[in-house]
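Taking it in order: structure first as structure tokens, then the write-up.
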Amino acid sequence: MEKVTRRRFFLSTLAGGVAATATNVCGAIWPNGKAADASLAEPKALQTASAAGRLATAGRRPCIISALNGLHHLETGMQVLRTTGDTMDAVLAVVVPVEDDPNDNTVGYGGLPNEDCVVQLDACVMHGPTKKCGAVGAIEKIKNPSKVARVIMERTNHTFLVGQGATQFAIDEGFETMSLLTDKSRTAWLAWKAATSKDWRPGLDAPDFNKQLAELLDTPERQAWEPWIKDVVAHPPTGTINCLAVNEKGEMSGVTTTSGLAWKISGRVGDSPIIGAGLFVDQEVGGAGSTGRGEENIKIAGGHTVVEMMRRGMSPTDACMEAIDRVVHNYDFDRSRLKMFDLQFYALNKDGAHGAAALWSDRHDGETISYAVHDGSGPRAVACTPKFEGTGGDY
Ligand code: ASP
């Protein structure tokens, strides 16, 4: 009984307290005529989407966009577009430093591990000029899955390698292996394990629970991680980086790379490496990518959906919102379940117009969910158009 009490205390301590409220601000109408939430007044988000769409229609080339974690690398990508104009080099110039960054815990090195404390990475690339693509799923020990995806695209007759075969392929192609765990990601996994397993901290005979936690966070540096660790245990983070580029001539490429959902089941592959879900590029129209809960995106083939909507004439933002609406429809507009995840779509059309839509307006840290853009006048963050006000990922 004593053990259960301590454990509950541990769980509730870790669970922290993010109790966000959500309000439907869009009130969209699904094509079957069913109102998403007809009782709600002015569809604020829809207005924003249309406004952003109109703005975005007047796009500029070259242009490069990414999830917000690429903001500080867009300038490098733009330099590539301005010099060689190679769109694949440009998007990789943005995402590879994020894969290398131990402090980005959703991509590459330092990405949060799966439930077995193994970092498994997913990525894919699409190259508009050659209409080729490559992808890797659940690759281990290789910090740059985006580069491996490119090699698959350029040097093989295949498009998608997974698991051990993908890792072996990368080794054979000269990629170096390394542990992708950092002290921070490993410590977070230990805290998650303790919160979800009866056999990991605190031990059955632990005299004092708080001492156990203190032992886990036994240096000043680790103590500074405590709020973050509590948050990632309570709300397994989503992240990922998607990057899309169009050069002056209208050539396009895209990439999506991720460590996937934290604490996932070993072997789980999300949307990120799936062509047509986490990424789709057809340079006759545009490109699209996604971050957030991959399982929902896979069910609607989101990347492909967004590009096809743009083909039919939608603005990038409206096309992204169409994909979000399909996910909302899959949940029969049940916001209590939709609140359990977050999802974003990003789109860039061949003219350099861009846009993005998010299921929820805010991240857990209170920041507005945004994406990064560089269309010639320096990198900047732009708010994604939200379907609902509030935060997702509350499970
Ligand atoms: N979409 C990624 C996945 O489902 C996760 C994320 O974007 O955070 O693996």
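Chain labels follow the order of the structure tokens: the first chain is A, the next B, and so on; residue numbering restarts at 1 in every chain, and ligands are counted from 1 in their shown order.
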Which residues come within 8 Å of region 214-226 of chain A, counting only C-alpha atoms, excluding same-chain residues fewer than 6 positions away, as a list in words?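 Surrounding residues, per the criterion: Lys184, Thr187 and Ala191 of chain A.
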Could you pull out the residues sitting within 6 Å of ligand 1, using only C-alpha atoms and all ligand atoms, and write them as a tab-separated table (two decimals) with N, CA and C atoms, in the first residue's frame?
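Result file is part.tsv:
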```
chain	number	residue	atom	x	y	z
A	238	THR	N	6.13	16.34	-29.08
A	238	THR	CA	6.25	16.13	-30.52
A	238	THR	C	7.20	17.22	-31.01
A	239	GLY	N	7.78	17.00	-32.15
A	239	GLY	CA	8.74	17.98	-32.63
A	239	GLY	C	8.96	17.78	-34.11
A	240	THR	N	10.11	17.22	-34.48
A	240	THR	CA	10.36	16.94	-35.90
A	240	THR	C	10.74	18.23	-36.63
A	260	GLY	N	10.74	10.93	-33.76
A	260	GLY	CA	9.39	10.38	-33.57
A	260	GLY	C	8.84	10.67	-32.19
A	261	LEU	N	7.78	10.01	-31.85
A	261	LEU	CA	7.15	10.25	-30.56
A	261	LEU	C	8.04	9.69	-29.44
A	270	GLY	N	6.44	6.65	-37.61
A	270	GLY	CA	5.37	7.64	-37.72
A	270	GLY	C	5.17	8.08	-39.16
A	271	ASP	N	4.65	9.27	-39.29
A	271	ASP	CA	4.36	9.80	-40.62
A	271	ASP	C	5.59	10.38	-41.30
A	272	SER	N	6.57	10.79	-40.49
A	272	SER	CA	7.67	11.61	-41.03
A	272	SER	C	8.37	11.00	-42.24
A	291	THR	N	4.30	18.05	-38.81
A	291	THR	CA	4.85	17.65	-37.52
A	291	THR	C	3.67	17.38	-36.60
A	292	GLY	N	3.94	16.65	-35.54
A	292	GLY	CA	2.87	16.31	-34.60
A	292	GLY	C	2.53	14.84	-34.70
A	293	ARG	N	1.38	14.47	-34.22
A	293	ARG	CA	1.05	13.05	-34.07
A	293	ARG	C	0.89	12.35	-35.43
A	294	GLY	N	1.92	11.56	-35.77
A	294	GLY	CA	2.00	10.97	-37.08
A	294	GLY	C	0.86	10.02	-37.41
```
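Atom to atom, CA of Pro386 (chain A) and CA of Glu308 (chain A) stand 20.7 Å apart.
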So that I can check the secondary structure, give me every residue of region 158-312 of chain A assigned helix (DSSP H, G or I) by backbone DSSP, as a count of residues only. 63
Which polymer residues have any atom within 8 Å of an atom of Gly134 (chain A), counting only C-alpha atoms, with same-chain residues fewer than 3 positions away left out, as a PDB file with N, CA, C and O atoms, in the first residue's frame?
```pdb
ATOM      1  N   CYS A 124      12.619  11.350 -44.516  1.00  0.00           N
ATOM      2  CA  CYS A 124      12.494  11.159 -45.961  1.00  0.00           C
ATOM      3  C   CYS A 124      12.820  12.443 -46.702  1.00  0.00           C
ATOM      4  O   CYS A 124      12.801  13.537 -46.113  1.00  0.00           O
ATOM      5  N   VAL A 125      13.149  12.294 -47.973  1.00  0.00           N
ATOM      6  CA  VAL A 125      13.429  13.449 -48.837  1.00  0.00           C
ATOM      7  C   VAL A 125      12.671  13.265 -50.146  1.00  0.00           C
ATOM      8  O   VAL A 125      12.414  12.135 -50.575  1.00  0.00           O
ATOM      9  N   MET A 126      12.314  14.384 -50.771  1.00  0.00           N
ATOM     10  CA  MET A 126      11.718  14.351 -52.124  1.00  0.00           C
ATOM     11  C   MET A 126      12.361  15.429 -52.961  1.00  0.00           C
ATOM     12  O   MET A 126      12.491  16.567 -52.512  1.00  0.00           O
ATOM     13  N   ALA A 149      18.523   9.011 -46.192  1.00  0.00           N
ATOM     14  CA  ALA A 149      17.370   9.010 -47.121  1.00  0.00           C
ATOM     15  C   ALA A 149      17.805   9.529 -48.493  1.00  0.00           C
ATOM     16  O   ALA A 149      17.399   9.002 -49.538  1.00  0.00           O
ATOM     17  N   ARG A 150      18.645  10.543 -48.476  1.00  0.00           N
ATOM     18  CA  ARG A 150      19.122  11.096 -49.755  1.00  0.00           C
ATOM     19  C   ARG A 150      19.973  10.074 -50.512  1.00  0.00           C
ATOM     20  O   ARG A 150      19.858   9.944 -51.740  1.00  0.00           O
ATOM     21  N   VAL A 151      20.816   9.361 -49.778  1.00  0.00           N
ATOM     22  CA  VAL A 151      21.656   8.348 -50.433  1.00  0.00           C
ATOM     23  C   VAL A 151      20.776   7.244 -51.031  1.00  0.00           C
ATOM     24  O   VAL A 151      21.014   6.763 -52.141  1.00  0.00           O
ATOM     25  N   ILE A 152      19.745   6.836 -50.280  1.00  0.00           N
ATOM     26  CA  ILE A 152      18.819   5.819 -50.819  1.00  0.00           C
ATOM     27  C   ILE A 152      18.205   6.338 -52.126  1.00  0.00           C
ATOM     28  O   ILE A 152      18.113   5.618 -53.121  1.00  0.00           O
ATOM     29  N   MET A 153      17.811   7.597 -52.110  1.00  0.00           N
ATOM     30  CA  MET A 153      17.190   8.190 -53.302  1.00  0.00           C
ATOM     31  C   MET A 153      18.175   8.239 -54.473  1.00  0.00           C
ATOM     32  O   MET A 153      17.806   7.906 -55.611  1.00  0.00           O
ATOM     33  N   GLU A 154      19.406   8.637 -54.188  1.00  0.00           N
ATOM     34  CA  GLU A 154      20.347   8.893 -55.283  1.00  0.00           C
ATOM     35  C   GLU A 154      21.103   7.661 -55.762  1.00  0.00           C
ATOM     36  O   GLU A 154      21.535   7.607 -56.899  1.00  0.00           O
ATOM     37  N   HIS A 158      15.616   1.706 -54.671  1.00  0.00           N
ATOM     38  CA  HIS A 158      14.543   1.599 -53.680  1.00  0.00           C
ATOM     39  C   HIS A 158      14.146   2.979 -53.180  1.00  0.00           C
ATOM     40  O   HIS A 158      14.849   3.966 -53.419  1.00  0.00           O
ATOM     41  N   THR A 159      13.060   3.019 -52.441  1.00  0.00           N
ATOM     42  CA  THR A 159      12.664   4.297 -51.840  1.00  0.00           C
ATOM     43  C   THR A 159      12.659   4.256 -50.318  1.00  0.00           C
ATOM     44  O   THR A 159      12.718   5.306 -49.681  1.00  0.00           O
ATOM     45  N   PHE A 160      12.553   3.081 -49.683  1.00  0.00           N
ATOM     46  CA  PHE A 160      12.306   3.074 -48.240  1.00  0.00           C
ATOM     47  C   PHE A 160      13.026   1.888 -47.597  1.00  0.00           C
ATOM     48  O   PHE A 160      12.732   0.734 -47.919  1.00  0.00           O
TER      49      PHE A 160
END
```
With distances taken over only C-alpha atoms, the candidate from A:Val306, A:Val327, A:Leu181, A:Met340 nearest Asp101 (chain A) is A:Leu181
Residues flagged strand (DSSP E or B) by DSSP in region 200-362 of chain A, as number ranges by chain | A: 241-246, 252-258, 275, 279-282, 286-292, 343-349, 354-362
Sort by chain and increasing residue number a table of all residues of region 73-129 of chain A within 6 Å of region 136-145 of chain A, each with its closest pair of atoms and their distance in Å to one decimal, counting only C-alpha atoms, and write it as a Markdown table.
```
| residue | atom | partner | partner_atom | distance |
| --- | --- | --- | --- | --- |
| A:Glu99 | CA | A:Asn144 | CA | 6.0 |
| A:Gly108 | CA | A:Lys143 | CA | 5.0 |
| A:Tyr109 | CA | A:Lys143 | CA | 5.3 |
| A:Gln120 | CA | A:Ala138 | CA | 4.6 |
| A:Leu121 | CA | A:Ala138 | CA | 5.0 |
| A:Asp122 | CA | A:Gly137 | CA | 4.4 |
| A:Ala123 | CA | A:Val136 | CA | 5.4 |
```
Next, dump the selected residues to file, keeping only all heavy atoms, as a short mmCIF file (atom, residue, chain, number, x, y, z; two decimals), in the first residue's frame.
```cif
data_model
loop_
_atom_site.label_atom_id
_atom_site.label_comp_id
_atom_site.auth_asym_id
_atom_site.auth_seq_id
_atom_site.Cartn_x
_atom_site.Cartn_y
_atom_site.Cartn_z
N GLU A 99 19.54 17.97 -36.71
CA GLU A 99 19.82 16.56 -36.37
C GLU A 99 21.08 16.46 -35.49
O GLU A 99 21.16 15.61 -34.60
CB GLU A 99 20.03 15.73 -37.64
CG GLU A 99 18.77 15.54 -38.47
CD GLU A 99 19.01 14.77 -39.77
OE1 GLU A 99 20.14 14.84 -40.31
OE2 GLU A 99 18.09 14.12 -40.25
N GLY A 108 17.16 13.62 -34.50
CA GLY A 108 18.56 13.21 -34.54
C GLY A 108 19.19 12.96 -33.18
O GLY A 108 18.55 12.42 -32.25
N TYR A 109 20.47 13.36 -33.05
CA TYR A 109 21.23 13.19 -31.81
C TYR A 109 20.53 13.96 -30.68
O TYR A 109 20.21 15.14 -30.84
CB TYR A 109 22.64 13.73 -32.04
CG TYR A 109 23.54 13.71 -30.85
CD1 TYR A 109 23.71 12.55 -30.11
CD2 TYR A 109 24.24 14.85 -30.46
CE1 TYR A 109 24.54 12.52 -29.01
CE2 TYR A 109 25.09 14.84 -29.36
CZ TYR A 109 25.23 13.66 -28.64
OH TYR A 109 26.05 13.65 -27.55
N GLN A 120 15.36 5.76 -32.17
CA GLN A 120 15.09 5.28 -33.53
C GLN A 120 14.61 6.47 -34.35
O GLN A 120 13.65 7.15 -33.96
CB GLN A 120 14.03 4.18 -33.52
CG GLN A 120 14.53 2.89 -32.88
CD GLN A 120 13.55 1.73 -32.99
OE1 GLN A 120 12.34 1.94 -33.02
NE2 GLN A 120 14.06 0.51 -33.05
N LEU A 121 15.28 6.71 -35.48
CA LEU A 121 15.01 7.92 -36.26
C LEU A 121 14.30 7.60 -37.58
O LEU A 121 14.52 6.53 -38.17
CB LEU A 121 16.32 8.64 -36.56
CG LEU A 121 17.18 9.00 -35.33
CD1 LEU A 121 18.49 9.65 -35.76
CD2 LEU A 121 16.42 9.93 -34.39
N ASP A 122 13.48 8.53 -38.04
CA ASP A 122 12.75 8.41 -39.31
C ASP A 122 13.03 9.66 -40.15
O ASP A 122 13.09 10.77 -39.60
CB ASP A 122 11.23 8.39 -39.08
CG ASP A 122 10.76 7.28 -38.15
OD1 ASP A 122 11.42 6.24 -38.10
OD2 ASP A 122 9.72 7.48 -37.49
N ALA A 123 13.13 9.49 -41.46
CA ALA A 123 13.31 10.67 -42.32
C ALA A 123 12.96 10.34 -43.76
O ALA A 123 13.02 9.17 -44.16
CB ALA A 123 14.76 11.17 -42.26
#
```
Selection near Lys264 (chain A), 10 Å with only C-alpha atoms, sequence-local residues under 5 positions removed, as an MDAnalysis selection string
chainID A and resid 112:120 236 259 269:270
For Gly302 (chain A), the closest of A:Met252, A:Val285, A:Ile274, A:Ala262 counting only C-alpha atoms is A:Ile274
- Task: Identify, on the basis of only C-alpha atoms, every residue whose closest approach to region 70-84 of chain A does not exceed 12 Å; exclude the query and any residue fewer than 3 positions from it along the same chain; express the result as JSON, numbers by chain.
- Result: {"A": [61, 62, 63, 64, 65, 66, 67, 87, 88, 89, 90, 91, 92, 93, 94, 95, 96, 97, 98, 99, 101, 104, 107, 239, 240, 241, 242, 243, 244, 245, 246, 247, 248, 249, 250, 251, 252, 253, 254, 255, 256, 257, 370, 371, 372, 373, 374, 375, 376, 377, 378, 379, 380, 381, 382]}
Item to check | Non-local contacts of region 349-364 of chain A (8 Å; only C-alpha atoms; under 5 positions in same chain excluded) as a PyMOL selection string | outcome: chain A and resi 18+49+52-53+56-63+65+246+250-252+283-287+310+315-318+320-321+324+342-344+369+371+375+383-392
Margin query: Excluding Gly276 (chain A) and its own-chain neighbours fewer than 4 positions away, which residues fall within 10 Å of it when counting only C-alpha atoms? Please give them as a list of chain:residue names.
Written below: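 Listed by chain and then number, they are A:Asp271, A:Ser272, A:Phe280, A:Val281, A:Ala288, A:Gly289, A:Asn297, A:Ile298, A:Ile300, A:Ala301, A:Gly302, A:Gly303, A:His304, A:Thr305, A:Val306, A:Val307.
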